file target_11.cif (mmCIF, C-alpha atoms)
data_input
loop_
_atom_site.label_atom_id
_atom_site.label_comp_id
_atom_site.auth_asym_id
_atom_site.auth_seq_id
_atom_site.Cartn_x
_atom_site.Cartn_y
_atom_site.Cartn_z
CA MET Z 4 7.28 35.02 10.93
CA PRO Z 5 8.56 31.60 12.05
CA PRO Z 6 5.98 28.90 12.80
CA PRO Z 7 5.18 28.15 16.45
CA LYS Z 8 7.46 25.55 18.02
CA PRO Z 9 6.48 24.90 21.62
CA GLY Z 10 8.12 21.46 21.65
CA VAL Z 11 10.45 19.33 19.56
CA ILE Z 12 8.92 20.18 16.15
CA PRO Z 13 7.43 23.25 14.48
CA LEU Z 14 3.64 23.02 14.25
CA VAL Z 15 3.56 23.07 10.45
CA PRO Z 16 3.94 20.29 7.85
CA LEU Z 17 7.31 18.73 8.59
CA LYS Z 18 10.37 18.26 6.42
CA LEU Z 19 12.71 15.28 6.77
CA GLY Z 20 15.11 17.31 8.91
CA ASP Z 21 12.27 18.37 11.20
CA ILE Z 22 11.20 14.76 11.72
CA LEU Z 23 14.69 13.40 12.40
CA GLY Z 24 15.63 16.39 14.53
CA GLY Z 25 12.38 16.07 16.48
CA ALA Z 26 13.06 12.38 17.13
CA PHE Z 27 16.56 13.11 18.46
CA SER Z 28 15.25 16.05 20.52
CA ALA Z 29 12.55 13.89 22.06
CA MET Z 30 15.13 11.26 23.01
CA GLY Z 31 17.31 13.96 24.55
CA ARG Z 32 14.56 15.74 26.50
CA TYR Z 33 12.63 12.69 27.67
CA TRP Z 34 15.46 10.19 28.01
CA LYS Z 35 14.58 9.46 31.64
CA GLN Z 36 11.10 8.26 30.74
CA LEU Z 37 12.24 6.41 27.61
CA PHE Z 38 15.23 4.68 29.16
CA GLY Z 39 13.43 4.11 32.47
CA ILE Z 40 10.46 2.36 30.90
CA GLY Z 41 12.73 0.52 28.45
CA ALA Z 42 14.93 -0.76 31.27
CA ALA Z 43 11.87 -1.76 33.31
CA VAL Z 44 10.07 -3.69 30.58
CA TYR Z 45 13.06 -5.33 28.89
CA GLY Z 46 14.77 -5.98 32.21
CA GLY Z 47 11.56 -7.52 33.51
CA ALA Z 48 11.36 -9.68 30.40
CA VAL Z 49 14.93 -10.92 30.98
CA VAL Z 50 14.24 -11.65 34.66
CA LEU Z 51 11.06 -13.55 33.75
CA MET Z 52 12.90 -15.54 31.10
CA ALA Z 53 15.77 -16.33 33.47
CA ALA Z 54 13.36 -17.42 36.21
CA THR Z 55 11.51 -19.65 33.74
CA ALA Z 56 14.79 -21.16 32.58
CA LEU Z 57 15.84 -21.89 36.17
CA ILE Z 58 12.49 -23.52 36.95
CA ALA Z 59 12.67 -25.56 33.75
CA TYR Z 60 16.24 -26.64 34.54
CA SER Z 61 15.31 -27.71 38.06
CA ALA Z 62 12.39 -29.72 36.64
CA VAL Z 63 14.46 -31.64 34.05
CA SER Z 64 17.96 -31.51 35.53
CA ASP Z 65 18.09 -35.25 36.14
CA GLN Z 66 17.07 -36.08 32.56
CA LEU Z 67 19.45 -33.44 31.19
CA HIS Z 68 22.45 -34.79 33.12
CA THR Z 69 21.57 -38.32 32.03
CA VAL Z 70 21.44 -37.33 28.36
CA ILE Z 71 24.70 -35.36 28.57
CA SER Z 72 26.52 -38.25 30.22
CA LEU Z 73 25.59 -40.74 27.48
CA SER Z 74 28.38 -41.95 25.22
CA ALA Z 75 28.30 -41.55 21.46
CA GLU Z 76 27.14 -45.15 21.04
CA GLU Z 77 24.17 -44.79 23.41
CA ASP Z 78 20.81 -43.35 22.38
CA PRO Z 79 18.67 -41.46 24.91
CA ARG Z 80 15.26 -42.82 25.78
CA SER Z 81 12.16 -40.88 24.81
CA SER Z 82 11.22 -40.55 28.48
CA GLU Z 83 14.41 -38.54 28.93
CA VAL Z 84 14.25 -36.45 25.77
CA VAL Z 85 10.56 -35.43 25.79
CA PRO Z 86 10.69 -33.53 29.13
CA ILE Z 87 13.77 -31.63 27.96
CA VAL Z 88 12.09 -30.64 24.68
CA VAL Z 89 8.93 -29.57 26.53
CA ALA Z 90 10.97 -27.49 28.99
CA LEU Z 91 12.84 -25.77 26.16
CA GLY Z 92 9.55 -25.09 24.39
CA VAL Z 93 8.06 -23.51 27.53
CA VAL Z 94 11.13 -21.29 28.00
CA TRP Z 95 11.00 -20.22 24.35
CA LEU Z 96 7.26 -19.44 24.53
CA VAL Z 97 7.62 -17.40 27.71
CA ALA Z 98 10.54 -15.48 26.18
CA VAL Z 99 8.57 -14.70 23.00
CA ILE Z 100 5.53 -13.49 24.94
CA ALA Z 101 7.58 -11.46 27.42
CA PHE Z 102 9.61 -9.65 24.78
CA ALA Z 103 6.52 -9.12 22.60
CA VAL Z 104 4.72 -7.44 25.50
CA ALA Z 105 7.84 -5.40 26.31
CA THR Z 106 8.09 -4.23 22.69
CA ALA Z 107 4.37 -3.38 22.64
CA MET Z 108 4.91 -1.34 25.81
CA MET Z 109 7.68 0.62 24.10
CA TYR Z 110 5.49 1.09 21.02
CA ALA Z 111 2.85 2.61 23.32
CA THR Z 112 5.36 4.62 25.36
CA VAL Z 113 6.81 6.51 22.40
CA PRO Z 114 3.51 8.09 21.21
CA ALA Z 115 2.58 8.85 24.83
CA ILE Z 116 5.83 10.78 25.21
CA LEU Z 117 5.41 12.48 21.83
CA GLN Z 118 2.04 13.84 22.96
CA GLU Z 119 3.95 15.85 25.55
CA ALA Z 120 7.09 16.43 23.45
CA VAL Z 121 5.18 18.03 20.55
CA LEU Z 122 3.54 20.46 22.98
CA GLY Z 123 6.74 21.06 24.96
CA ARG Z 124 5.27 19.93 28.28
CA PRO Z 125 7.27 18.18 31.01
CA THR Z 126 6.05 14.82 32.19
CA THR Z 127 6.86 12.09 34.68
CA PHE Z 128 7.71 8.41 34.54
CA SER Z 129 4.53 7.37 36.35
CA PHE Z 130 2.27 9.45 34.08
CA ILE Z 131 3.77 8.01 30.91
CA TRP Z 132 3.73 4.49 32.35
CA ARG Z 133 0.02 4.65 33.20
CA ARG Z 134 -0.95 6.11 29.83
CA ALA Z 135 1.19 3.65 27.85
CA TRP Z 136 0.24 0.57 29.87
CA SER Z 137 -3.46 1.25 29.36
CA ARG Z 138 -2.94 1.06 25.57
CA VAL Z 139 -0.63 -2.00 25.49
CA PRO Z 140 -3.37 -4.54 24.58
CA ALA Z 141 -4.53 -2.48 21.58
CA VAL Z 142 -0.95 -1.75 20.46
CA PHE Z 143 -0.10 -5.44 20.82
CA GLY Z 144 -3.07 -6.27 18.60
CA THR Z 145 -1.97 -3.87 15.86
CA VAL Z 146 1.62 -5.16 15.96
CA VAL Z 147 0.49 -8.80 15.76
CA LEU Z 148 -1.92 -8.14 12.88
CA THR Z 149 0.72 -6.22 10.93
CA PHE Z 150 3.33 -8.91 11.66
CA LEU Z 151 1.03 -11.65 10.37
CA ILE Z 152 0.62 -9.74 7.10
CA VAL Z 153 4.36 -9.28 6.65
CA MET Z 154 5.06 -12.92 7.58
CA VAL Z 155 3.28 -14.37 4.52
CA PRO Z 156 6.14 -13.85 2.00
CA MET Z 157 8.72 -14.80 4.64
CA VAL Z 158 7.00 -18.13 5.29
CA LEU Z 159 6.80 -18.85 1.58
CA MET Z 160 10.48 -18.00 1.18
CA VAL Z 161 11.37 -20.40 4.02
CA VAL Z 162 9.38 -23.13 2.24
CA GLY Z 163 11.39 -22.56 -0.93
CA VAL Z 164 14.72 -22.52 0.91
CA PHE Z 165 13.94 -25.75 2.75
CA ALA Z 166 12.91 -27.40 -0.51
CA VAL Z 167 16.27 -26.44 -2.05
CA ILE Z 168 18.16 -27.70 1.01
CA ILE Z 169 16.33 -31.02 0.94
CA GLY Z 170 17.03 -31.35 -2.77
CA SER Z 171 20.72 -30.59 -2.24
CA ILE Z 172 21.01 -33.19 0.51
CA THR Z 173 19.10 -35.95 -1.27
CA LEU Z 174 20.28 -34.95 -4.77
CA GLU Z 175 16.74 -35.50 -5.96
CA TYR Z 176 14.48 -32.90 -7.54
CA GLY Z 177 11.28 -34.78 -8.16
CA GLY Z 178 7.95 -33.31 -9.12
CA ASN Z 179 6.81 -32.60 -5.55
CA LEU Z 180 10.12 -31.02 -4.51
CA ALA Z 181 10.25 -28.83 -7.61
CA LEU Z 182 6.63 -27.82 -6.98
CA TRP Z 183 7.35 -26.78 -3.39
CA THR Z 184 10.47 -24.87 -4.49
CA ALA Z 185 8.55 -22.97 -7.14
CA LEU Z 186 5.65 -22.37 -4.77
CA GLY Z 187 7.94 -20.95 -2.12
CA PHE Z 188 10.07 -18.59 -4.20
CA LEU Z 189 7.40 -17.50 -6.68
CA GLY Z 190 4.87 -17.10 -3.88
CA ALA Z 191 7.32 -14.94 -1.92
CA LEU Z 192 8.04 -12.78 -4.97
CA ALA Z 193 4.32 -12.42 -5.65
CA THR Z 194 3.28 -11.53 -2.11
CA ALA Z 195 6.26 -9.41 -1.01
CA PRO Z 196 5.14 -6.21 -2.81
CA LEU Z 197 1.64 -6.52 -1.34
CA ALA Z 198 3.06 -7.15 2.14
CA ILE Z 199 5.34 -4.10 1.91
CA TRP Z 200 2.46 -1.95 0.66
CA LEU Z 201 0.22 -3.03 3.55
CA TRP Z 202 3.04 -2.67 6.09
CA VAL Z 203 3.53 0.97 5.11
CA LYS Z 204 -0.22 1.62 5.10
CA PHE Z 205 -0.51 0.29 8.66
CA CYS Z 206 2.77 1.63 10.11
CA LEU Z 207 1.02 4.59 11.79
CA ALA Z 208 -1.48 2.33 13.59
CA PRO Z 209 0.36 2.20 16.98
CA SER Z 210 0.42 6.00 17.05
CA ALA Z 211 -3.31 6.13 16.25
CA VAL Z 212 -3.97 3.68 19.09
CA VAL Z 213 -2.30 5.96 21.65
CA PHE Z 214 -3.05 9.41 20.22
CA GLU Z 215 -6.71 8.72 19.47
CA GLY Z 216 -7.56 5.76 21.71
CA GLN Z 217 -8.46 3.57 18.72
CA SER Z 218 -8.98 -0.20 18.70
CA PRO Z 219 -6.50 -2.28 16.65
CA VAL Z 220 -8.68 -2.60 13.54
CA ALA Z 221 -9.87 1.01 13.71
CA ALA Z 222 -6.27 2.18 14.16
CA MET Z 223 -5.19 0.25 11.07
CA ARG Z 224 -8.00 1.85 9.05
CA ARG Z 225 -6.98 5.24 10.42
CA SER Z 226 -3.35 4.63 9.46
CA ALA Z 227 -4.38 3.66 5.92
CA GLN Z 228 -6.41 6.87 5.67
CA LEU Z 229 -3.49 9.05 6.80
CA VAL Z 230 -0.90 7.35 4.57
CA ARG Z 231 -3.11 7.64 1.47
CA GLY Z 232 -1.49 9.97 -1.07
CA ASP Z 233 1.93 9.98 0.62
CA TRP Z 234 2.89 6.29 0.59
CA TRP Z 235 6.32 6.66 -1.00
CA ARG Z 236 7.39 9.43 1.37
CA VAL Z 237 6.26 7.44 4.42
CA LEU Z 238 8.12 4.38 3.10
CA GLY Z 239 11.35 6.30 2.50
CA ILE Z 240 11.40 8.04 5.88
CA THR Z 241 10.47 4.82 7.71
CA LEU Z 242 13.21 2.82 5.98
CA LEU Z 243 15.72 5.57 6.73
CA ALA Z 244 14.78 5.51 10.42
CA LEU Z 245 15.02 1.71 10.54
CA GLY Z 246 18.41 1.79 8.83
CA MET Z 247 19.75 4.42 11.25
CA ALA Z 248 18.46 2.46 14.24
CA TYR Z 249 19.96 -0.85 13.14
CA VAL Z 250 23.32 0.75 12.29
CA ALA Z 251 23.35 2.31 15.76
CA SER Z 252 22.40 -1.05 17.28
CA TYR Z 253 25.25 -2.78 15.44
CA VAL Z 254 27.77 -0.16 16.55
CA ILE Z 255 26.56 -0.46 20.15
CA GLN Z 256 26.99 -4.24 20.12
CA ILE Z 257 30.64 -4.10 18.93
CA PRO Z 258 32.21 -3.12 22.29
CA PHE Z 259 29.97 -5.59 24.12
CA SER Z 260 31.14 -8.34 21.75
CA PHE Z 261 34.79 -7.58 22.51
CA LEU Z 262 34.12 -7.45 26.26
CA GLY Z 263 32.18 -10.71 26.03
CA MET Z 264 34.99 -12.46 24.15
CA PHE Z 265 37.52 -11.22 26.73
CA SER Z 266 35.31 -12.43 29.59
CA GLY Z 267 34.81 -15.80 27.87
CA MET Z 268 38.57 -16.24 27.41
CA ILE Z 269 39.18 -15.50 31.09
CA GLY Z 270 36.43 -17.92 32.11
CA GLY Z 271 37.80 -20.60 29.78
CA THR Z 272 41.18 -20.59 31.53
CA THR Z 273 39.52 -21.71 34.77
CA LEU Z 274 38.12 -24.93 33.26
CA ASP Z 275 39.63 -28.35 33.83
CA GLU Z 276 40.55 -30.75 31.05
CA ASP Z 277 37.20 -32.53 31.44
CA PRO Z 278 34.76 -29.90 32.74
CA ASN Z 279 31.17 -30.68 33.69
CA PRO Z 280 28.23 -28.70 32.26
CA ALA Z 281 27.83 -26.64 35.44
CA ALA Z 282 31.47 -25.48 35.29
CA ILE Z 283 31.10 -24.56 31.62
CA ALA Z 284 27.93 -22.57 32.32
CA PHE Z 285 29.63 -20.72 35.21
CA ALA Z 286 32.71 -19.94 33.12
CA MET Z 287 30.54 -18.56 30.29
CA SER Z 288 28.19 -16.61 32.58
CA GLY Z 289 30.15 -13.36 32.20
CA TYR Z 290 30.08 -13.64 28.41
CA LEU Z 291 26.35 -14.35 28.40
CA VAL Z 292 25.55 -11.43 30.74
CA ILE Z 293 27.60 -8.95 28.70
CA MET Z 294 26.12 -10.10 25.40
CA ALA Z 295 22.58 -9.98 26.84
CA LEU Z 296 23.18 -6.42 28.07
CA GLY Z 297 24.39 -5.32 24.64
CA GLN Z 298 21.43 -7.03 23.00
CA LEU Z 299 19.00 -5.27 25.36
CA ILE Z 300 20.47 -1.83 24.62
CA SER Z 301 20.43 -2.41 20.88
CA GLN Z 302 16.87 -3.76 21.09
CA PHE Z 303 15.84 -0.61 22.96
CA ILE Z 304 17.31 1.60 20.22
CA ALA Z 305 15.67 -0.49 17.48
CA ALA Z 306 12.29 -0.32 19.22
CA THR Z 307 12.45 3.39 20.11
CA PHE Z 308 13.94 5.57 17.38
CA PRO Z 309 11.87 4.23 14.43
CA GLN Z 310 8.71 4.63 16.50
CA LEU Z 311 9.65 8.21 17.32
CA VAL Z 312 9.96 8.87 13.60
CA THR Z 313 6.66 7.17 12.70
CA GLY Z 314 4.95 8.98 15.56
CA LEU Z 315 6.12 12.31 14.14
CA LEU Z 316 5.05 11.13 10.68
CA TYR Z 317 1.57 10.57 12.17
CA VAL Z 318 1.54 14.16 13.50
CA ASP Z 319 2.87 15.44 10.17
CA ARG Z 320 0.19 13.65 8.16
CA ARG Z 321 -2.52 15.08 10.37
CA MET Z 322 -1.10 18.58 10.07
CA ARG Z 323 -1.03 18.19 6.29
CA THR Z 324 -4.47 16.64 5.85
CA GLU Z 325 -6.47 17.88 8.85
CA ASN Z 326 -4.80 21.22 9.73
CA LEU Z 327 -3.86 19.96 13.19
CA GLY Z 328 -1.20 22.64 13.72
CA PRO Z 329 -3.47 25.43 15.05
CA ALA Z 330 -5.18 23.02 17.44
CA LEU Z 331 -1.80 21.90 18.76
CA ALA Z 332 -0.68 25.52 19.18
CA GLU Z 333 -3.81 26.25 21.23
CA ALA Z 334 -3.24 23.11 23.31
CA ALA Z 335 0.38 24.12 23.94
CA ALA Z 336 -0.74 27.52 25.18
CA ALA Z 337 -3.31 26.00 27.54
CA ALA Z 338 -2.21 25.30 31.10
CA PRO Z 339 -3.97 21.95 31.77
CA PRO Z 340 -3.06 18.94 29.62
CA PRO Z 341 -5.65 18.40 26.88
CA PRO Z 342 -7.19 15.01 26.10
CA PRO Z 343 -5.60 12.76 23.43
CA TYR Z 344 -5.65 14.07 19.89
CA GLY Z 345 -9.00 12.81 18.67
CA PRO Z 346 -9.94 12.66 14.99
#

call {"tool": "encode", "arguments": {"input": "target_11.cif", "output": "structure tokens"}}
result
Amino acid sequence: MPPPKPGVIPLVPLKLGDILGGAFSAMGRYWKQLFGIGAAVYGGAVVLMAATALIAYSAVSDQLHTVISLSAEEDPRSSEVVPIVVALGVVWLVAVIAFAVATAMMYATVPAILQEAVLGRPTTFSFIWRRAWSRVPAVFGTVVLTFLIVMVPMVLMVVGVFAVIIGSITLEYGGNLALWTALGFLGALATAPLAIWLWVKFCLAPSAVVFEGQSPVAAMRRSAQLVRGDWWRVLGITLLALGMAYVASYVIQIPFSFLGMFSGMIGGTTLDEDPNPAAIAFAMSGYLVIMALGQLISQFIAATFPQLVTGLLYVDRRMRTENLGPALAEAAAAAPPPPPYGP
């Protein structure tokens, strides 16, 4: 007798094919909610960043034009450079925060959709939006905490690389420079295995936040509990999903790159021999818009498919360790939607 399958996966411990097939099925059945929320949050992030850039440009346009018009022999004054640097810093900070919140929203949207996809229930954009938005702060906390853990070996590696670059430029490898180089590379090698181990242990935390309503720290403990005993399998499936998503993102960006180059060439033919910055920006606007659109679509794929896979891994681990399958089958047979899957 085949296992019950009310939704995108059978309600038994899942094989690799079940997980990947369930992720693709969820994207196919609930594409309106996924793409709708993705377009809303990432599009909103782009609009916010563009508005911030316009405000920053209007605030420092005089200083910017003065600096651009200087000859090679003239040095800009600090009163002209500092406002420009501050404006660029504000634009960068707003962009980082906006895209981080947008990504956290997608990380919360995917488990919210999977709660309905696993049970085979239809849902609406507004229902998923409300459920996901209410969990964004907790999901954001788990993503930030996990990111800080993974960043340790990356920061040490950057220290080592910069020490090598400085030594190559100055042709000096004194005691301090050699110490920083060794500290960077050896520190990265020493901490990378621990960072990878912790990243895998905590990769199910966003799903625990949404499925169980956990706080960030509690969700990370819950993820570590579920991953225990199956670390290598979770690592392999997660890396496979990441690889598939980034290959798809790269393939998606190829036609946008060609269209952007074509648009840039057309815009370049309209420039004079000595164009001003405004004319250059207008001529390149088509290229920038096309490339931004391709980047948004690829970012959506990279933020969605791996989370669908890890969300199904969360369900799989609970079916293996907590016999969640019968409870899900009963919930699928019930008419009203049940509460989130509590522990």

call {"tool": "atom_distance", "arguments": {"input": "target_11.cif", "atom1": "atom CA of Z:Leu23", "atom2": "atom CA of Z:Ser218"}}
result
28.0 Å

call {"tool": "resolve_selection", "arguments": {"input": "target_11.cif", "expression": "the PyMOL selection byres ((chain Z and resi 222) around 10)", "output": "ChimeraX atom specification"}}
result
/Z:141-142,145,205-221,223-228

call {"tool": "write_last_selection", "arguments": {"input": "target_11.cif", "atoms": "C-alpha atoms", "output": "short mmCIF file (atom, residue, chain, number, x, y, z; two decimals), in the frame of the given file"}}
result
data_model
loop_
_atom_site.label_atom_id
_atom_site.label_comp_id
_atom_site.auth_asym_id
_atom_site.auth_seq_id
_atom_site.Cartn_x
_atom_site.Cartn_y
_atom_site.Cartn_z
CA ALA Z 141 -4.53 -2.48 21.58
CA VAL Z 142 -0.95 -1.75 20.46
CA THR Z 145 -1.97 -3.87 15.86
CA PHE Z 205 -0.51 0.29 8.66
CA CYS Z 206 2.77 1.63 10.11
CA LEU Z 207 1.02 4.59 11.79
CA ALA Z 208 -1.48 2.33 13.59
CA PRO Z 209 0.36 2.20 16.98
CA SER Z 210 0.42 6.00 17.05
CA ALA Z 211 -3.31 6.13 16.25
CA VAL Z 212 -3.97 3.68 19.09
CA VAL Z 213 -2.30 5.96 21.65
CA PHE Z 214 -3.05 9.41 20.22
CA GLU Z 215 -6.71 8.72 19.47
CA GLY Z 216 -7.56 5.76 21.71
CA GLN Z 217 -8.46 3.57 18.72
CA SER Z 218 -8.98 -0.20 18.70
CA PRO Z 219 -6.50 -2.28 16.65
CA VAL Z 220 -8.68 -2.60 13.54
CA ALA Z 221 -9.87 1.01 13.71
CA MET Z 223 -5.19 0.25 11.07
CA ARG Z 224 -8.00 1.85 9.05
CA ARG Z 225 -6.98 5.24 10.42
CA SER Z 226 -3.35 4.63 9.46
CA ALA Z 227 -4.38 3.66 5.92
CA GLN Z 228 -6.41 6.87 5.67
#

call {"tool": "closest_residue", "arguments": {"input": "target_11.cif", "among": "Z:Gln36, Z:Asn326, Z:Thr55, Z:Thr313", "to": "Z:Leu96", "atoms": "all atoms listed in the file"}}
result
Z:Thr55

call {"tool": "closest_residue", "arguments": {"input": "target_11.cif", "among": "Z:Gln256, Z:Gln310, Z:Ser137, Z:Thr324", "to": "Z:Ile293", "atoms": "only C-alpha atoms"}}
result
Z:Gln256

call {"tool": "residues_around", "arguments": {"input": "target_11.cif", "residues": "stretch 116-120 of chain Z", "least_positions_apart": "4", "cutoff": "7 Å", "atoms": "all atoms listed in the file", "output": "ChimeraX atom specification"}}
result
/Z:10-11,29,112,124-125,131

call {"tool": "closest_residue", "arguments": {"input": "target_11.cif", "among": "Z:Ile257, Z:Val158, Z:Leu201, Z:Ile87", "to": "Z:Val230", "atoms": "only C-alpha atoms"}}
result
Z:Leu201

call {"tool": "closest_residue", "arguments": {"input": "target_11.cif", "among": "Z:Ser260, Z:Pro9, Z:Thr149, Z:Leu229", "to": "Z:Ala336", "atoms": "all atoms listed in the file"}}
result
Z:Pro9

call {"tool": "residues_around", "arguments": {"input": "target_11.cif", "residues": "Z:Leu299", "least_positions_apart": "6", "cutoff": "10 Å", "atoms": "all atoms listed in the file", "output": "count of residues only"}}
result
9

call {"tool": "atom_distance", "arguments": {"input": "target_11.cif", "atom1": "atom CA of Z:Phe128", "atom2": "atom CA of Z:Ala248"}}
result
23.7 Å

call {"tool": "build_atoms", "arguments": {"input": "target_11.cif", "residues": "stretch 122-130 of chain Z", "atoms": "all heavy atoms", "output": "compact mmCIF listing (two decimals), keeping the file's coordinate frame"}}
result
# COMPACT_ATOMS: atom_id res chain seq x y z
N LEU Z 122 4.07 19.26 22.32
CA LEU Z 122 3.54 20.46 22.98
C LEU Z 122 4.55 21.11 23.92
O LEU Z 122 4.26 22.16 24.50
CB LEU Z 122 2.27 20.12 23.75
CG LEU Z 122 1.14 19.50 22.92
CD1 LEU Z 122 -0.05 19.18 23.80
CD2 LEU Z 122 0.73 20.43 21.78
N GLY Z 123 5.71 20.48 24.11
CA GLY Z 123 6.74 21.06 24.96
C GLY Z 123 6.43 21.01 26.43
O GLY Z 123 6.90 21.85 27.20
N ARG Z 124 5.64 20.02 26.87
CA ARG Z 124 5.27 19.93 28.28
C ARG Z 124 6.15 18.91 28.99
O ARG Z 124 6.45 17.86 28.44
CB ARG Z 124 3.81 19.51 28.42
CG ARG Z 124 2.82 20.56 27.96
CD ARG Z 124 1.44 20.26 28.52
NE ARG Z 124 1.01 18.91 28.18
CZ ARG Z 124 0.01 18.64 27.36
NH1 ARG Z 124 -0.63 19.62 26.76
NH2 ARG Z 124 -0.34 17.40 27.12
N PRO Z 125 6.55 19.19 30.23
CA PRO Z 125 7.27 18.18 31.01
C PRO Z 125 6.32 17.07 31.44
O PRO Z 125 5.10 17.26 31.49
CB PRO Z 125 7.79 18.97 32.22
CG PRO Z 125 6.81 20.09 32.38
CD PRO Z 125 6.37 20.45 30.97
N THR Z 126 6.87 15.94 31.76
CA THR Z 126 6.05 14.82 32.19
C THR Z 126 6.85 13.96 33.15
O THR Z 126 8.03 14.23 33.41
CB THR Z 126 5.58 13.98 30.98
OG1 THR Z 126 4.63 13.00 31.41
CG2 THR Z 126 6.75 13.29 30.31
N THR Z 127 6.22 12.95 33.69
CA THR Z 127 6.86 12.09 34.68
C THR Z 127 6.82 10.65 34.22
O THR Z 127 6.04 10.26 33.35
CB THR Z 127 6.16 12.21 36.04
OG1 THR Z 127 4.80 11.77 35.91
CG2 THR Z 127 6.19 13.65 36.54
N PHE Z 128 7.65 9.84 34.85
CA PHE Z 128 7.71 8.41 34.54
C PHE Z 128 6.36 7.75 34.81
O PHE Z 128 5.86 6.99 33.99
CB PHE Z 128 8.81 7.76 35.37
CG PHE Z 128 8.91 6.27 35.21
CD1 PHE Z 128 9.76 5.71 34.28
CD2 PHE Z 128 8.15 5.40 36.01
CE1 PHE Z 128 9.86 4.33 34.13
CE2 PHE Z 128 8.24 4.03 35.86
CZ PHE Z 128 9.10 3.50 34.92
N SER Z 129 5.78 8.04 35.98
CA SER Z 129 4.53 7.37 36.35
C SER Z 129 3.38 7.75 35.42
O SER Z 129 2.55 6.91 35.07
CB SER Z 129 4.17 7.70 37.80
OG SER Z 129 4.00 9.10 37.97
N PHE Z 130 3.33 9.02 34.98
CA PHE Z 130 2.27 9.45 34.08
C PHE Z 130 2.37 8.74 32.73
O PHE Z 130 1.37 8.23 32.20
CB PHE Z 130 2.35 10.97 33.89
CG PHE Z 130 1.34 11.52 32.93
CD1 PHE Z 130 0.02 11.69 33.31
CD2 PHE Z 130 1.70 11.86 31.63
CE1 PHE Z 130 -0.92 12.20 32.42
CE2 PHE Z 130 0.78 12.36 30.74
CZ PHE Z 130 -0.54 12.54 31.15
